[in-house]
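As stored in work00.cif (mmCIF, C-alpha atoms and all ligand atoms):
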data_query
#
loop_
_atom_site.label_atom_id
_atom_site.label_comp_id
_atom_site.auth_asym_id
_atom_site.auth_seq_id
_atom_site.Cartn_x
_atom_site.Cartn_y
_atom_site.Cartn_z
CA MET A 222 148.32 147.31 -30.36
CA SER A 223 151.22 149.52 -31.38
CA GLY A 224 152.23 151.79 -34.24
CA ARG A 225 149.17 154.06 -34.38
CA THR A 226 149.96 157.57 -35.58
CA THR A 227 149.73 160.48 -33.16
CA ALA A 228 146.97 161.92 -35.38
CA LEU A 229 144.73 159.12 -34.07
CA THR A 230 145.44 159.83 -30.40
CA PRO A 231 142.81 162.18 -28.96
CA PRO A 232 144.25 165.37 -27.43
CA ALA A 233 144.13 165.93 -23.67
CA ASP A 234 141.08 168.22 -23.94
CA ALA A 235 138.99 165.68 -25.90
CA VAL A 236 135.62 164.75 -24.40
CA LYS A 237 133.50 161.61 -24.39
CA PRO A 238 131.11 161.54 -27.41
CA GLU A 239 127.44 161.97 -26.51
CA ARG A 240 124.61 160.17 -28.23
CA HIS A 241 122.12 162.68 -29.67
CA PRO A 242 118.64 162.51 -28.08
CA ASP A 243 117.09 161.93 -31.53
CA ALA A 244 119.51 159.15 -32.47
CA PRO A 245 117.96 155.84 -33.55
CA ALA A 246 117.21 153.55 -30.57
CA PRO A 247 119.54 150.63 -29.79
CA GLY A 248 118.69 147.75 -32.13
CA GLU A 249 117.16 150.00 -34.79
CA ILE A 250 118.48 149.72 -38.35
CA ILE A 251 120.20 152.89 -39.52
CA GLY A 252 119.07 153.50 -43.08
CA THR A 253 121.27 154.42 -46.00
CA HIS A 254 122.46 158.02 -46.15
CA TYR A 255 122.68 157.92 -49.97
CA ASP A 256 121.14 155.37 -52.31
CA ARG A 257 124.28 155.21 -54.49
CA CYS A 258 126.74 154.95 -51.60
CA PHE A 259 129.23 152.11 -52.25
CA GLY A 260 129.03 151.16 -48.58
CA CYS A 261 125.32 151.17 -47.80
CA GLY A 262 123.31 152.15 -50.89
CA ASP A 263 120.74 149.83 -52.47
CA GLY A 264 121.44 151.56 -55.80
CA ALA A 265 125.13 150.56 -55.90
CA PRO A 266 125.14 147.19 -57.75
CA HIS A 267 128.67 146.17 -56.71
CA GLY A 268 128.50 147.90 -53.35
CA LEU A 269 128.78 146.38 -49.90
CA HIS A 270 125.07 146.73 -49.01
CA LEU A 271 126.08 147.08 -45.40
CA VAL A 272 123.20 146.90 -42.93
CA THR A 273 124.00 148.84 -39.76
CA ARG A 274 122.20 148.87 -36.42
CA ALA A 275 122.42 151.39 -33.61
CA GLY A 276 123.93 150.01 -30.43
CA GLU A 277 124.12 151.35 -26.88
CA GLY A 278 125.99 154.62 -26.31
CA VAL A 279 127.79 155.72 -29.45
CA ARG A 280 128.21 152.25 -30.92
CA VAL A 281 126.95 150.52 -34.04
CA THR A 282 127.07 147.00 -35.43
CA ALA A 283 126.93 146.00 -39.09
CA GLU A 284 127.07 142.94 -41.29
CA PHE A 285 128.62 142.61 -44.72
CA THR A 286 128.76 139.46 -46.85
CA VAL A 287 131.82 139.35 -49.13
CA GLN A 288 130.66 138.88 -52.75
CA GLU A 289 132.51 137.65 -55.84
CA ALA A 290 132.87 141.25 -57.06
CA HIS A 291 134.87 142.03 -53.90
CA GLN A 292 137.85 139.72 -54.57
CA GLY A 293 141.48 140.81 -54.50
CA ALA A 294 143.10 137.35 -54.69
CA PRO A 295 141.32 134.16 -55.82
CA GLY A 296 138.45 133.60 -53.44
CA LEU A 297 139.60 136.26 -50.96
CA ALA A 298 138.28 139.73 -50.18
CA HIS A 299 140.26 142.72 -51.43
CA GLY A 300 141.83 144.69 -48.57
CA GLY A 301 140.46 147.97 -49.89
CA VAL A 302 136.94 146.54 -49.82
CA LEU A 303 137.42 145.46 -46.20
CA ALA A 304 138.75 148.95 -45.37
CA SER A 305 135.63 150.38 -47.05
CA ALA A 306 133.43 148.21 -44.84
CA LEU A 307 135.24 149.53 -41.75
CA ASP A 308 135.05 153.12 -43.06
CA GLU A 309 131.32 152.88 -43.71
CA THR A 310 130.60 151.36 -40.30
CA LEU A 311 132.71 154.03 -38.58
CA GLY A 312 131.01 156.75 -40.65
CA THR A 313 127.60 155.60 -39.49
CA LEU A 314 128.55 156.45 -35.88
CA ASN A 315 128.06 160.07 -36.88
CA TRP A 316 124.32 159.35 -37.23
CA LEU A 317 124.23 158.75 -33.49
CA LEU A 318 126.02 162.05 -32.89
CA ARG A 319 123.87 163.83 -35.51
CA VAL A 320 127.00 165.31 -37.03
CA ILE A 321 127.99 165.40 -40.70
CA ALA A 322 131.59 164.22 -40.93
CA VAL A 323 134.01 162.76 -43.46
CA THR A 324 136.93 160.41 -42.98
CA GLY A 325 140.21 162.28 -42.52
CA ARG A 326 142.32 159.27 -41.56
CA LEU A 327 141.73 155.54 -41.47
CA GLU A 328 144.38 153.09 -40.21
CA THR A 329 143.57 149.46 -40.86
CA ASP A 330 145.08 146.19 -39.62
CA PHE A 331 144.41 143.13 -41.76
CA VAL A 332 144.70 140.25 -39.30
CA ARG A 333 143.18 137.27 -41.14
CA PRO A 334 142.25 136.57 -44.77
CA VAL A 335 138.52 136.84 -45.45
CA PRO A 336 137.12 134.39 -48.03
CA VAL A 337 134.31 135.20 -50.47
CA GLY A 338 130.96 134.29 -48.91
CA THR A 339 132.11 135.21 -45.40
CA VAL A 340 129.85 137.35 -43.28
CA LEU A 341 131.96 140.08 -41.68
CA HIS A 342 130.52 141.12 -38.30
CA LEU A 343 131.48 144.74 -37.73
CA GLU A 344 131.36 146.76 -34.55
CA ALA A 345 132.37 150.42 -34.15
CA GLU A 346 132.50 152.93 -31.31
CA ALA A 347 133.17 156.67 -31.13
CA VAL A 348 135.68 157.14 -28.34
CA ALA A 349 136.47 160.87 -28.19
CA VAL A 350 135.55 164.25 -29.66
CA ALA A 351 137.74 167.35 -29.84
CA ASP A 352 136.11 170.32 -31.61
CA ARG A 353 135.47 169.09 -35.18
CA LYS A 354 137.46 165.87 -34.71
CA ILE A 355 135.77 162.56 -33.93
CA TYR A 356 137.98 159.62 -32.92
CA SER A 357 136.61 156.14 -33.40
CA THR A 358 137.57 152.49 -33.58
CA ALA A 359 136.15 149.37 -35.26
CA THR A 360 136.62 145.63 -35.60
CA GLY A 361 135.41 143.07 -38.14
CA ARG A 362 135.02 139.48 -36.94
CA ILE A 363 134.44 136.29 -38.90
CA GLY A 364 132.58 133.12 -37.94
CA GLY A 365 130.03 135.06 -35.84
CA PRO A 366 129.78 138.26 -33.80
CA ASP A 367 132.13 136.78 -31.17
CA GLY A 368 134.49 135.13 -33.68
CA PRO A 369 138.12 136.04 -34.24
CA VAL A 370 139.03 139.54 -35.40
CA ALA A 371 139.91 139.59 -39.12
CA VAL A 372 140.26 143.37 -39.56
CA ARG A 373 140.34 146.38 -37.29
CA ALA A 374 140.72 150.12 -37.73
CA ASP A 375 141.14 153.40 -35.90
CA ALA A 376 139.80 156.51 -37.56
CA LEU A 377 139.58 160.26 -37.37
CA PHE A 378 136.48 161.86 -38.86
CA ILE A 379 136.26 165.63 -39.37
CA GLU A 380 132.96 167.45 -39.01
CA VAL A 381 131.92 169.38 -42.12
CA LYS A 382 128.96 171.50 -43.21
CA VAL A 383 126.54 170.18 -45.83
CA ASP A 384 128.24 172.69 -48.19
CA HIS A 385 131.22 170.29 -48.31
CA PHE A 386 129.16 168.03 -50.58
CA MET A 387 127.49 170.86 -52.54
CA ASP A 388 130.84 172.52 -53.26
CA ASN A 389 132.78 169.36 -54.15
CA GLY A 390 130.30 166.84 -55.58
CA ARG A 391 129.56 166.40 -59.30
CA PRO A 392 126.62 168.64 -60.28
CA ALA A 393 124.58 165.82 -61.91
CA GLU A 394 124.50 163.76 -58.71
CA ILE A 395 123.99 166.84 -56.48
CA ASP A 396 120.97 167.88 -58.56
CA ALA A 397 119.53 164.34 -58.48
CA ALA A 398 119.98 164.17 -54.70
CA LEU A 399 118.31 167.58 -54.21
CA ALA A 400 115.34 166.37 -56.28
CA ASP A 401 114.92 163.29 -54.05
CA PRO A 402 112.65 163.97 -51.04
CA ASP A 403 114.14 161.03 -49.08
CA GLN A 404 117.63 162.42 -49.57
CA LEU A 405 116.56 165.88 -48.43
CA LYS A 406 115.03 164.35 -45.31
CA VAL A 407 118.39 162.81 -44.40
CA ALA A 408 120.23 166.10 -45.03
CA ARG A 409 117.76 168.09 -42.91
CA ALA A 410 118.02 165.67 -39.99
CA PHE A 411 121.73 166.42 -39.89
CA GLU A 412 121.46 170.18 -40.39
CA VAL A 413 119.36 170.52 -37.23
CA ASN A 414 122.10 169.81 -34.75
CA PRO A 415 121.53 171.87 -31.58
C1 LIG B 1 126.83 161.28 -42.21
C2 LIG B 1 126.22 160.15 -42.92
C3 LIG B 1 127.05 158.88 -42.84
C4 LIG B 1 128.21 158.95 -43.78
C5 LIG B 1 128.91 157.60 -43.87
C6 LIG B 1 130.03 157.75 -44.82
C7 LIG B 1 131.02 156.63 -44.66
C8 LIG B 1 132.16 156.86 -45.56
C9 LIG B 1 132.96 158.04 -45.08
C10 LIG B 1 133.90 158.46 -46.16
O1 LIG B 1 134.54 157.66 -46.80
S1 LIG B 1 134.02 160.17 -46.46
C11 LIG B 1 135.01 160.21 -47.98
C12 LIG B 1 136.50 160.20 -47.71
N1 LIG B 1 136.94 161.43 -47.12
C13 LIG B 1 137.06 162.58 -47.81
O2 LIG B 1 136.76 162.66 -48.98
C14 LIG B 1 137.61 163.76 -47.07
C15 LIG B 1 138.56 164.57 -47.95
N2 LIG B 1 139.24 165.59 -47.12
C16 LIG B 1 138.69 166.82 -46.93
O3 LIG B 1 137.67 167.17 -47.51
C17 LIG B 1 139.38 167.72 -45.97
O4 LIG B 1 140.75 167.38 -45.84
C18 LIG B 1 138.71 167.66 -44.55
C19 LIG B 1 137.26 168.14 -44.64
C20 LIG B 1 138.77 166.26 -43.94
C21 LIG B 1 139.49 168.61 -43.62
O5 LIG B 1 139.61 169.86 -44.22
P1 LIG B 1 139.23 171.19 -43.43
O6 LIG B 1 139.83 172.34 -44.18
O7 LIG B 1 137.77 171.25 -43.16
O8 LIG B 1 139.91 170.99 -42.02
P2 LIG B 1 141.29 171.52 -41.47
O9 LIG B 1 142.39 171.26 -42.44
O10 LIG B 1 141.07 172.93 -40.98
O11 LIG B 1 141.52 170.55 -40.23
C22 LIG B 1 140.64 170.58 -39.09
C23 LIG B 1 141.34 169.73 -38.03
O12 LIG B 1 141.36 168.36 -38.46
C24 LIG B 1 142.70 167.89 -38.59
N3 LIG B 1 142.77 167.07 -39.81
C25 LIG B 1 142.21 167.35 -41.00
N4 LIG B 1 142.47 166.37 -41.88
C26 LIG B 1 143.22 165.47 -41.22
C27 LIG B 1 143.82 164.23 -41.60
N5 LIG B 1 143.67 163.76 -42.82
N6 LIG B 1 144.54 163.57 -40.67
C28 LIG B 1 144.68 164.06 -39.43
N7 LIG B 1 144.13 165.23 -39.00
C29 LIG B 1 143.43 165.91 -39.89
C30 LIG B 1 143.54 169.16 -38.74
O13 LIG B 1 144.88 168.92 -38.32
C31 LIG B 1 142.80 170.11 -37.82
O14 LIG B 1 143.15 169.83 -36.49
P3 LIG B 1 143.25 171.00 -35.39
O15 LIG B 1 141.86 171.58 -35.27
O16 LIG B 1 143.70 170.31 -34.14
O17 LIG B 1 144.24 171.97 -35.93
#

Representation of the structure as structure tokens:
Amino acid sequence: MSGRTTALTPPADAVKPERHPDAPAPGEIIGTHYDRCFGCGDGAPHGLHLVTRAGEGVRVTAEFTVQEAHQGAPGLAHGGVLASALDETLGTLNWLLRVIAVTGRLETDFVRPVPVGTVLHLEAEAVAVADRKIYSTATGRIGGPDGPVAVRADALFIEVKVDHFMDNGRPAEIDAALADPDQLKVARAFEVNP
């Protein structure tokens, strides 16, 4: 593959990412981090409803079925929706690191068209960490987990404090999240990051 930006090349002092001891076991489903998340939330009616599983090391797998609401051209998935599926899968890697991080950069290759009704089999891996920067890569295959690659992406996530969301989110949703015990449980799991 060629043409990746230098921002997605880990620096010389980057280290191998380490799975956190409290990370979900391989095969375990990683729950939603926010009920209204477009990528994984049950409370997002037109969302992707991505179901992600922990893999070995710092890897995850996920499945996403392209729905009618996800079209860009007649009967085909919108590229931005496919990029969202890659972004969400990559973002879930941070659960295995027990780090709160947001996407800084996402470079996507669209290799094959993806029709409505297709199950996209996603796989992502964190490949390097340098201070607050987490470098990761993902593929989405069609026709089965070993089928041809339809989309792929390289990403750079940047570690942030929970304040990132408090300071920038809309107050109504922040207040609702703070009032939800399940949501607080997720936030606390990430704050305790020895
Ligand atoms: C955890 C639960 C699971 C969550 C799953 C979620 C899946 C979905 C994930 C998303 O879609 S997150 C939403 C989309 N992303 C955002 O809204 C992020 C918006 N951007 C920001 O808030 C800030 O730009 C950001 C926090 C990313 C960085 O700002 P900071 O002021 O904290 O960092 P700073 O500018 O000091 O940069 C720190 C390092 O990162 C580098 N960096 C920052 N942004 C970059 C960028 N965009 N591209 C390349 N490098 C970048 C920067 O060069 C620097 O490198 P060095 O340490 O080597 O100097």

For A:Gln288: contacts at 8 Å, all atoms listed in the file, fewer than 3 positions along chain excluded, given as an MDAnalysis selection string
chainID A and resid 291:292 337:338

Enumerate as a PDB file with C-alpha atoms, keeping the file's coordinate frame the residues within 8 Å of ligand LIG 1 (chain B), counting only C-alpha atoms and all ligand atoms.
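See part37.pdb below for the written result:
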ATOM      1  CA  ALA A 228     146.970 161.920 -35.380  1.00  0.00           C
ATOM      2  CA  LEU A 229     144.730 159.120 -34.070  1.00  0.00           C
ATOM      3  CA  THR A 253     121.270 154.420 -46.000  1.00  0.00           C
ATOM      4  CA  HIS A 254     122.460 158.020 -46.150  1.00  0.00           C
ATOM      5  CA  GLY A 260     129.030 151.160 -48.580  1.00  0.00           C
ATOM      6  CA  SER A 305     135.630 150.380 -47.050  1.00  0.00           C
ATOM      7  CA  ASP A 308     135.050 153.120 -43.060  1.00  0.00           C
ATOM      8  CA  GLU A 309     131.320 152.880 -43.710  1.00  0.00           C
ATOM      9  CA  THR A 310     130.600 151.360 -40.300  1.00  0.00           C
ATOM     10  CA  LEU A 311     132.710 154.030 -38.580  1.00  0.00           C
ATOM     11  CA  GLY A 312     131.010 156.750 -40.650  1.00  0.00           C
ATOM     12  CA  THR A 313     127.600 155.600 -39.490  1.00  0.00           C
ATOM     13  CA  LEU A 314     128.550 156.450 -35.880  1.00  0.00           C
ATOM     14  CA  ASN A 315     128.060 160.070 -36.880  1.00  0.00           C
ATOM     15  CA  TRP A 316     124.320 159.350 -37.230  1.00  0.00           C
ATOM     16  CA  ARG A 319     123.870 163.830 -35.510  1.00  0.00           C
ATOM     17  CA  VAL A 320     127.000 165.310 -37.030  1.00  0.00           C
ATOM     18  CA  ILE A 321     127.990 165.400 -40.700  1.00  0.00           C
ATOM     19  CA  ALA A 322     131.590 164.220 -40.930  1.00  0.00           C
ATOM     20  CA  VAL A 323     134.010 162.760 -43.460  1.00  0.00           C
ATOM     21  CA  THR A 324     136.930 160.410 -42.980  1.00  0.00           C
ATOM     22  CA  GLY A 325     140.210 162.280 -42.520  1.00  0.00           C
ATOM     23  CA  ARG A 326     142.320 159.270 -41.560  1.00  0.00           C
ATOM     24  CA  ALA A 351     137.740 167.350 -29.840  1.00  0.00           C
ATOM     25  CA  ASP A 352     136.110 170.320 -31.610  1.00  0.00           C
ATOM     26  CA  ARG A 353     135.470 169.090 -35.180  1.00  0.00           C
ATOM     27  CA  LYS A 354     137.460 165.870 -34.710  1.00  0.00           C
ATOM     28  CA  LEU A 377     139.580 160.260 -37.370  1.00  0.00           C
ATOM     29  CA  PHE A 378     136.480 161.860 -38.860  1.00  0.00           C
ATOM     30  CA  ILE A 379     136.260 165.630 -39.370  1.00  0.00           C
ATOM     31  CA  GLU A 380     132.960 167.450 -39.010  1.00  0.00           C
ATOM     32  CA  VAL A 381     131.920 169.380 -42.120  1.00  0.00           C
ATOM     33  CA  HIS A 385     131.220 170.290 -48.310  1.00  0.00           C
ATOM     34  CA  PHE A 411     121.730 166.420 -39.890  1.00  0.00           C
TER      35      PHE A 411
END

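Between atom CA of A:Ala347 and atom CA of A:Arg280 there is a distance of 6.6 Å.
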
Need the neighbours of (137.3, 136.4, -43.4): which residues are at most 8 Å away, counting all atoms listed in the file, as a list in words?
Leu297, Ala298, Arg333, Pro334, Val335, Pro336, Val337, Thr339, Val340, Leu341, Arg362, Ile363, Gly364 and Ala371 of chain A

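The space between atom CA of A:Asp256 and atom CA of A:Ala374 spans 25.0 Å.
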
Given all atoms listed in the file as the basis, pick out the residue of A:Leu317, A:Ala265, A:Ala290, A:Ala349 nearest to A:Pro247.
A:Leu317

Figure out the distance between atom CA of A:Glu346 and atom CA of A:Asp367, please, to one decimal in Å.
16.2 Å

Contacts of A:Gly276 at 8 Å or less, counting all atoms listed in the file, minus same-chain residues fewer than 2 places along, as a list in words?
Ala246, Pro247, Gly248, Arg274, Gly278, Val279, Arg280, Val281 and Thr282 of chain A

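Nearest residue to A:Leu318 among A:Ala400, A:Val348, A:Cys258, A:Ala244 is A:Ala244, counting only C-alpha atoms.
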
List the neighbours of A:Pro245 out to 8 Å using all atoms listed in the file; skip same-chain residues closer than 5 positions along the sequence, and give me the result as number ranges by chain.
A: 250-251, 275, 317

12 Å contact set for A:Ile395, all atoms listed in the file, chain neighbours under 3 positions out, as a compact mmCIF listing (two decimals) with C-alpha atoms, in the frame of the given file:
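Generated file (part-v4.txt):
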# COMPACT_ATOMS: atom_id res chain seq x y z
CA TYR A 255 122.68 157.92 -49.97
CA ARG A 257 124.28 155.21 -54.49
CA VAL A 383 126.54 170.18 -45.83
CA ASP A 384 128.24 172.69 -48.19
CA HIS A 385 131.22 170.29 -48.31
CA PHE A 386 129.16 168.03 -50.58
CA MET A 387 127.49 170.86 -52.54
CA ASP A 388 130.84 172.52 -53.26
CA ASN A 389 132.78 169.36 -54.15
CA GLY A 390 130.30 166.84 -55.58
CA ARG A 391 129.56 166.40 -59.30
CA PRO A 392 126.62 168.64 -60.28
CA ALA A 398 119.98 164.17 -54.70
CA LEU A 399 118.31 167.58 -54.21
CA ALA A 400 115.34 166.37 -56.28
CA ASP A 401 114.92 163.29 -54.05
CA GLN A 404 117.63 162.42 -49.57
CA LEU A 405 116.56 165.88 -48.43

From the list A:Leu327, A:Val332, A:Val370, A:Val302, which residue is nearest A:Thr358 when using all atoms listed in the file?
A:Leu327

Please put the answer as lines of an AutoDock Vina configuration file: centre and edge lengths, in Å with one decimal, of a box along x, y and z that encloses all listed atoms of stretch 290-299 of chain A plus 4 Å on each side.
center_x = 138.0
center_y = 138.2
center_z = -53.6
size_x = 18.2
size_y = 17.1
size_z = 14.9

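Closest approach to A:Glu249 among A:Gly268, A:Ala235, A:Ala283, A:Ala294: A:Ala283, based on all atoms listed in the file.
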